[in-house]
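Note: the block below is protein-v9.cif and it holds mmCIF, C-alpha atoms.
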data_query
#
loop_
_atom_site.label_atom_id
_atom_site.label_comp_id
_atom_site.auth_asym_id
_atom_site.auth_seq_id
_atom_site.Cartn_x
_atom_site.Cartn_y
_atom_site.Cartn_z
CA MET A 1 -12.90 -13.72 1.43
CA THR A 2 -9.27 -14.84 1.62
CA GLU A 3 -7.01 -15.79 4.50
CA ASP A 4 -3.86 -15.32 2.44
CA GLY A 5 -4.37 -11.59 2.05
CA ALA A 6 -5.12 -9.15 -0.73
CA ILE A 7 -3.67 -6.21 -2.63
CA LEU A 8 -5.61 -3.01 -3.18
CA TYR A 9 -4.14 -1.57 -6.37
CA PHE A 10 -4.66 1.92 -7.80
CA HIS A 11 -3.92 2.39 -11.49
CA GLY A 12 -1.87 5.15 -13.06
CA GLY A 13 -2.84 7.53 -15.83
CA GLY A 14 -2.28 11.07 -14.57
CA TYR A 15 -5.66 10.99 -12.77
CA ILE A 16 -7.39 11.31 -16.14
CA TYR A 17 -6.68 7.99 -17.91
CA GLY A 18 -7.03 4.32 -17.06
CA ARG A 19 -10.75 3.67 -16.87
CA GLY A 20 -12.31 0.24 -17.11
CA ASP A 21 -10.04 -2.79 -17.34
CA ALA A 22 -6.80 -0.79 -17.42
CA GLY A 23 -6.26 -1.03 -13.68
CA ALA A 24 -6.65 -4.79 -13.68
CA LYS A 25 -4.15 -5.08 -16.52
CA MET A 26 -1.63 -2.91 -14.67
CA ALA A 27 -1.98 -5.05 -11.54
CA SER A 28 -1.98 -8.44 -13.24
CA SER A 29 1.78 -9.09 -13.06
CA LEU A 30 1.88 -8.33 -9.34
CA ALA A 31 -1.18 -10.51 -8.72
CA VAL A 32 0.33 -13.48 -10.56
CA ALA A 33 3.78 -13.11 -9.00
CA SER A 34 2.48 -12.68 -5.45
CA GLY A 35 -0.31 -15.24 -5.69
CA LEU A 36 -2.67 -12.75 -4.06
CA PRO A 37 -5.93 -11.33 -5.41
CA CYS A 38 -5.66 -7.72 -6.51
CA PHE A 39 -8.65 -5.42 -6.21
CA CYS A 40 -8.40 -2.54 -8.66
CA PRO A 41 -10.98 0.21 -8.07
CA ASP A 42 -12.19 2.03 -11.18
CA TYR A 43 -11.99 5.31 -9.28
CA ARG A 44 -13.75 8.39 -10.61
CA MET A 45 -11.76 10.93 -12.61
CA PRO A 46 -12.15 14.40 -14.11
CA PRO A 47 -13.49 16.23 -15.92
CA GLU A 48 -16.75 14.83 -14.54
CA HIS A 49 -15.34 13.93 -11.13
CA PRO A 50 -12.33 15.98 -9.98
CA PHE A 51 -10.68 15.89 -6.56
CA PRO A 52 -11.64 14.62 -4.02
CA ALA A 53 -13.71 11.99 -5.86
CA ALA A 54 -10.76 9.65 -6.52
CA LEU A 55 -9.60 9.88 -2.91
CA ASP A 56 -13.11 9.23 -1.62
CA ASP A 57 -13.34 6.16 -3.84
CA ALA A 58 -9.92 4.93 -2.69
CA VAL A 59 -10.89 5.20 0.96
CA ALA A 60 -14.26 3.53 0.33
CA ALA A 61 -12.53 0.69 -1.51
CA TYR A 62 -10.17 0.11 1.41
CA LEU A 63 -13.00 0.14 3.94
CA TRP A 64 -14.92 -2.36 1.82
CA LEU A 65 -11.89 -4.65 1.60
CA ALA A 66 -11.00 -4.28 5.29
CA ASP A 67 -14.48 -5.57 6.17
CA ARG A 68 -13.60 -8.80 4.36
CA VAL A 69 -9.85 -9.18 4.87
CA ASP A 70 -7.82 -8.57 8.03
CA PRO A 71 -6.01 -5.22 7.49
CA ALA A 72 -2.83 -6.97 8.67
CA ARG A 73 -3.13 -9.02 5.46
CA ILE A 74 -3.83 -6.10 3.11
CA LEU A 75 -1.22 -4.28 1.05
CA ILE A 76 -1.95 -1.03 -0.80
CA ALA A 77 -0.12 -0.47 -4.08
CA GLY A 78 -0.20 1.92 -6.99
CA ASN A 79 1.85 3.22 -9.87
CA SER A 80 2.29 6.82 -11.02
CA ALA A 81 -0.95 8.68 -10.25
CA GLY A 82 -2.08 5.49 -8.54
CA GLY A 83 1.00 5.65 -6.36
CA GLY A 84 0.14 9.20 -5.40
CA LEU A 85 -3.44 8.17 -4.71
CA ALA A 86 -2.24 5.24 -2.60
CA ALA A 87 -0.10 7.58 -0.50
CA ALA A 88 -2.94 10.08 -0.17
CA SER A 89 -5.35 7.33 0.85
CA LEU A 90 -2.95 6.25 3.61
CA LEU A 91 -2.89 9.82 4.89
CA LYS A 92 -6.68 9.95 4.87
CA LEU A 93 -7.09 6.55 6.52
CA ARG A 94 -4.74 7.56 9.31
CA ASP A 95 -6.45 10.91 9.76
CA ILE A 96 -9.90 9.35 10.16
CA GLY A 97 -8.60 6.73 12.57
CA VAL A 98 -8.95 3.62 10.42
CA THR A 99 -6.70 0.60 10.99
CA MET A 100 -3.87 0.86 8.49
CA PRO A 101 -2.87 -1.89 6.05
CA ALA A 102 0.25 -4.00 6.51
CA GLY A 103 2.28 -2.01 4.00
CA ALA A 104 2.33 -0.11 0.73
CA ILE A 105 4.19 -0.20 -2.58
CA LEU A 106 4.43 3.17 -4.31
CA ALA A 107 5.83 2.80 -7.81
CA THR A 108 7.06 6.12 -9.22
CA PRO A 109 4.30 7.97 -7.34
CA GLU A 110 2.83 11.25 -8.55
CA ALA A 111 3.46 12.65 -5.10
CA ASP A 112 3.83 16.37 -5.90
CA LEU A 113 1.38 17.99 -8.30
CA THR A 114 3.37 21.25 -8.11
CA GLU A 115 6.15 19.50 -10.07
CA ALA A 116 8.77 21.18 -7.91
CA GLY A 117 11.34 18.39 -7.98
CA ASP A 118 14.73 18.56 -9.66
CA THR A 119 14.08 15.77 -12.16
CA PHE A 120 11.19 17.64 -13.74
CA HIS A 121 14.05 19.59 -15.28
CA THR A 122 17.01 17.21 -15.40
CA ASN A 123 15.05 14.24 -16.78
CA TYR A 124 12.84 16.26 -19.09
CA GLY A 125 13.52 14.85 -22.55
CA LEU A 126 15.28 11.77 -21.13
CA ASP A 127 12.14 9.99 -19.95
CA ARG A 128 10.68 8.40 -23.08
CA VAL A 129 7.43 7.45 -21.31
CA LEU A 130 6.53 10.77 -19.70
CA VAL A 131 7.58 13.00 -22.54
CA GLU A 132 5.69 16.03 -21.22
CA ARG A 133 4.96 17.45 -17.81
CA LEU A 134 1.44 16.86 -16.52
CA MET A 135 0.50 20.27 -15.13
CA PRO A 136 -2.66 20.67 -17.27
CA ALA A 137 -3.95 17.33 -15.96
CA ASN A 138 -2.86 18.21 -12.43
CA LEU A 139 -4.86 21.43 -12.49
CA LEU A 140 -7.88 19.66 -13.97
CA TYR A 141 -7.76 17.04 -11.23
CA ALA A 142 -7.19 19.56 -8.41
CA ASN A 143 -10.19 21.65 -9.52
CA GLY A 144 -8.99 24.85 -7.83
CA HIS A 145 -7.64 23.26 -4.66
CA ASP A 146 -4.16 24.13 -3.41
CA LEU A 147 -1.72 21.78 -5.16
CA ARG A 148 0.28 21.56 -1.93
CA ASP A 149 -2.65 19.98 -0.08
CA PRO A 150 -1.20 16.66 1.16
CA TYR A 151 -4.28 14.82 -0.07
CA LEU A 152 -3.28 16.02 -3.55
CA SER A 153 0.50 16.07 -3.11
CA PRO A 154 1.40 13.61 -0.34
CA VAL A 155 5.03 14.75 -0.21
CA TYR A 156 3.81 17.74 1.83
CA GLY A 157 2.16 15.53 4.45
CA THR A 158 3.33 14.00 7.71
CA PHE A 159 3.71 10.26 7.96
CA ASP A 160 3.63 9.23 11.59
CA GLY A 161 1.64 6.03 12.01
CA PHE A 162 2.40 4.73 8.53
CA PRO A 163 3.12 1.04 7.84
CA PRO A 164 6.29 -0.05 5.97
CA VAL A 165 6.51 1.42 2.49
CA MET A 166 8.47 0.41 -0.61
CA LEU A 167 9.14 3.09 -3.23
CA LEU A 168 10.39 2.43 -6.77
CA SER A 169 11.71 4.63 -9.56
CA GLY A 170 14.44 4.87 -12.21
CA THR A 171 17.27 7.25 -13.04
CA ARG A 172 15.48 8.50 -16.17
CA ASP A 173 12.06 8.78 -14.56
CA LEU A 174 10.51 12.24 -14.65
CA PHE A 175 9.01 11.38 -11.25
CA LEU A 176 12.33 10.33 -9.66
CA SER A 177 12.35 13.48 -7.51
CA ASN A 178 8.78 12.76 -6.41
CA THR A 179 9.86 9.31 -5.26
CA VAL A 180 13.08 10.39 -3.56
CA ARG A 181 11.50 13.34 -1.77
CA LEU A 182 8.58 11.23 -0.56
CA HIS A 183 11.00 8.60 0.72
CA ARG A 184 13.03 11.18 2.63
CA ALA A 185 9.89 12.76 4.11
CA MET A 186 8.72 9.37 5.31
CA ARG A 187 12.11 8.51 6.78
CA ARG A 188 12.18 11.82 8.66
CA ASP A 189 8.89 10.81 10.28
CA GLY A 190 10.22 7.41 11.28
CA VAL A 191 8.53 5.28 8.62
CA GLN A 192 10.21 2.01 7.64
CA ALA A 193 10.55 3.12 4.02
CA SER A 194 12.87 1.63 1.39
CA LEU A 195 13.84 3.24 -1.91
CA HIS A 196 14.71 1.19 -5.01
CA VAL A 197 16.06 3.00 -8.09
CA TRP A 198 16.92 1.21 -11.33
CA GLU A 199 19.62 2.43 -13.67
CA ALA A 200 18.32 3.94 -16.94
CA MET A 201 14.67 3.12 -16.16
CA PRO A 202 12.08 5.60 -17.45
CA HIS A 203 8.70 6.19 -15.88
CA GLY A 204 6.83 3.01 -15.02
CA GLY A 205 9.42 0.36 -15.89
CA PHE A 206 11.34 -1.08 -18.82
CA PHE A 207 8.33 -2.74 -20.47
CA GLY A 208 9.97 -6.07 -21.28
CA ALA A 209 13.62 -5.86 -20.18
CA PRO A 210 15.07 -8.37 -17.65
CA GLU A 211 15.08 -5.67 -14.99
CA ASP A 212 11.28 -5.80 -14.92
CA ALA A 213 11.43 -9.33 -13.49
CA GLU A 214 13.96 -8.19 -10.90
CA MET A 215 11.71 -5.29 -9.93
CA LEU A 216 8.71 -7.59 -9.62
CA ALA A 217 10.67 -10.04 -7.46
CA GLU A 218 11.65 -7.21 -5.11
CA GLN A 219 8.00 -6.26 -4.71
CA VAL A 220 6.96 -9.82 -3.97
CA SER A 221 9.72 -10.11 -1.38
CA PHE A 222 8.47 -6.94 0.27
CA ILE A 223 4.88 -8.19 0.31
CA GLN A 224 5.94 -11.44 1.94
CA SER A 225 7.94 -9.55 4.56
CA VAL A 226 5.09 -7.30 5.71
CA LEU A 227 2.03 -9.54 5.61
CA SER A 228 1.38 -11.10 8.99
CA PRO A 229 1.60 -14.90 9.20
CA ARG A 230 -1.72 -16.69 8.98
#
Rewrite the structure of this file - the entire thing - as structure tokens.
Amino acid sequence: MTEDGAILYFHGGGYIYGRGDAGAKMASSLAVASGLPCFCPDYRMPPEHPFPAALDDAVAAYLWLADRVDPARILIAGNSAGGGLAAASLLKLRDIGVTMPAGAILATPEADLTEAGDTFHTNYGLDRVLVERLMPANLLYANGHDLRDPYLSPVYGTFDGFPPVMLLSGTRDLFLSNTVRLHRAMRRDGVQASLHVWEAMPHGGFFGAPEDAEMLAEQVSFIQSVLSPR
């Protein structure tokens, strides 16, 4: 399909929003900046399709892409719920013995559905994007499963065998604790994980400020560093 590589991108939306073209729109900047095709699965969501439907779709999408592109030239990425789903899909792929991708970018990942992190309190009211906690959506998505299941909340997983990972957040992001805790958990397990935090950034980015271009450039640099030479 492509010798240059490809990005498998999972959209955000609290596991309940983002159907249709939304994923492609969220991935478009990264696709243009990197020069790589982005595949954006329209994964199933509740109420019709709760967990583990989204995870099953994510794994199936990776297996489909890995049949067409060398996994050493694939990068998994996602933002918010998509970042959590990307992390969970890496856990699942490792657990079933599938060849892992070259790396992953997890932008402000929804990595802990229990919302146990410090910034769910300290940044509540400061984040002007996530103005409310997402527990009702979390419970709808989990459909009675334990919220600490690593396939739901990857921060509770183990990360041996993971490829390099880039994590991004901001100081006003409600999910900053999710991102920091996931980074530390990965580092404890020996993952080559880097954490990038932008001053005053709310959930998901600045939506037009110069820092957005800086953040995008950092992601492109990471992609170039992890994809194997042709």
Requested in this report: Tell me which of A:Ala116, A:Ala88, A:Met100, A:Thr108 sits closest to A:Trp198, counting all atoms listed in the file.
Outcome: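 Once distances to A:Trp198 are computed over all atoms listed in the file, the minimum belongs to A:Thr108.
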Requested in this report: Counting only C-alpha atoms, note down every residue that has an atom within 12 Å of the point (-15.0, 4.1, -9.2) (file coordinates), as a list in words.
Outcome: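 So the residues meeting the distance criterion are Phe10, His11, Gly18, Arg19, Gly20, Asp21, Gly23, Phe39, Cys40, Pro41, Asp42, Tyr43, Arg44, Met45, Pro46, His49, Ala53, Ala54, Leu55, Asp56, Asp57, Ala58, Val59, Ala60 and Ala61 of chain A.
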I need the chosen residues saved as a compact mmCIF listing (two decimals), in the frame of the given file, with C-alpha atoms.
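Below you can see result-v3.txt, which holds the result:
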# COMPACT_ATOMS: atom_id res chain seq x y z
CA PHE A 10 -4.66 1.92 -7.80
CA HIS A 11 -3.92 2.39 -11.49
CA GLY A 18 -7.03 4.32 -17.06
CA ARG A 19 -10.75 3.67 -16.87
CA GLY A 20 -12.31 0.24 -17.11
CA ASP A 21 -10.04 -2.79 -17.34
CA GLY A 23 -6.26 -1.03 -13.68
CA PHE A 39 -8.65 -5.42 -6.21
CA CYS A 40 -8.40 -2.54 -8.66
CA PRO A 41 -10.98 0.21 -8.07
CA ASP A 42 -12.19 2.03 -11.18
CA TYR A 43 -11.99 5.31 -9.28
CA ARG A 44 -13.75 8.39 -10.61
CA MET A 45 -11.76 10.93 -12.61
CA PRO A 46 -12.15 14.40 -14.11
CA HIS A 49 -15.34 13.93 -11.13
CA ALA A 53 -13.71 11.99 -5.86
CA ALA A 54 -10.76 9.65 -6.52
CA LEU A 55 -9.60 9.88 -2.91
CA ASP A 56 -13.11 9.23 -1.62
CA ASP A 57 -13.34 6.16 -3.84
CA ALA A 58 -9.92 4.93 -2.69
CA VAL A 59 -10.89 5.20 0.96
CA ALA A 60 -14.26 3.53 0.33
CA ALA A 61 -12.53 0.69 -1.51
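Residues in contact with stretch 162-168 of chain A at up to 6 Å, not including ones fewer than 4 positions away on its chain and judged by only C-alpha atoms, are Ala102, Gly103, Ala104, Ile105, Leu106, Ala107, Thr108, Gln192, Ala193, Ser194, Leu195, His196 and Val197 of chain A.
The nearest approach to A:Ala6 among the residues A:Asp70, A:Asp160, A:Asp127, A:Glu218, with only C-alpha atoms taken into account, belongs to A:Asp70.
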Requested in this report: Using atom CA of A:Gly117 and atom CA of A:Arg148 as the two end points, give the distance in Å to one decimal.
Outcome: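 Value for the atom CA of A:Gly117-atom CA of A:Arg148 distance: 13.0 Å.
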Report task. Might you spell out which residues the PyMOL selection byres ((chain A and resi 136-147) around 12) would select in the displayed file, as number ranges by chain? Result -> A: 13-17, 44-55, 81, 84-85, 110-116, 132-135, 148-156
Quick one: residues within 10 Å of A:Gly125, only C-alpha atoms counted, chain neighbours fewer than 5 positions away excluded, as an mmCIF file with C-alpha atoms, in the coordinates of the input?
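New file selection_29.cif:
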data_model
loop_
_atom_site.group_PDB
_atom_site.id
_atom_site.type_symbol
_atom_site.label_atom_id
_atom_site.label_comp_id
_atom_site.auth_asym_id
_atom_site.auth_seq_id
_atom_site.Cartn_x
_atom_site.Cartn_y
_atom_site.Cartn_z
ATOM 1 C CA PHE A 120 11.190 17.640 -13.740
ATOM 2 C CA LEU A 130 6.530 10.770 -19.700
ATOM 3 C CA VAL A 131 7.580 13.000 -22.540
ATOM 4 C CA GLU A 132 5.690 16.030 -21.220
ATOM 5 C CA ARG A 172 15.480 8.500 -16.170
ATOM 6 C CA LEU A 174 10.510 12.240 -14.650
#
Query raised in the report: For A:Tyr9, which residue out of A:His121, A:Arg73, A:Arg184, A:Lys25 is the nearest one, using all atoms listed in the file?
Result: A:Lys25
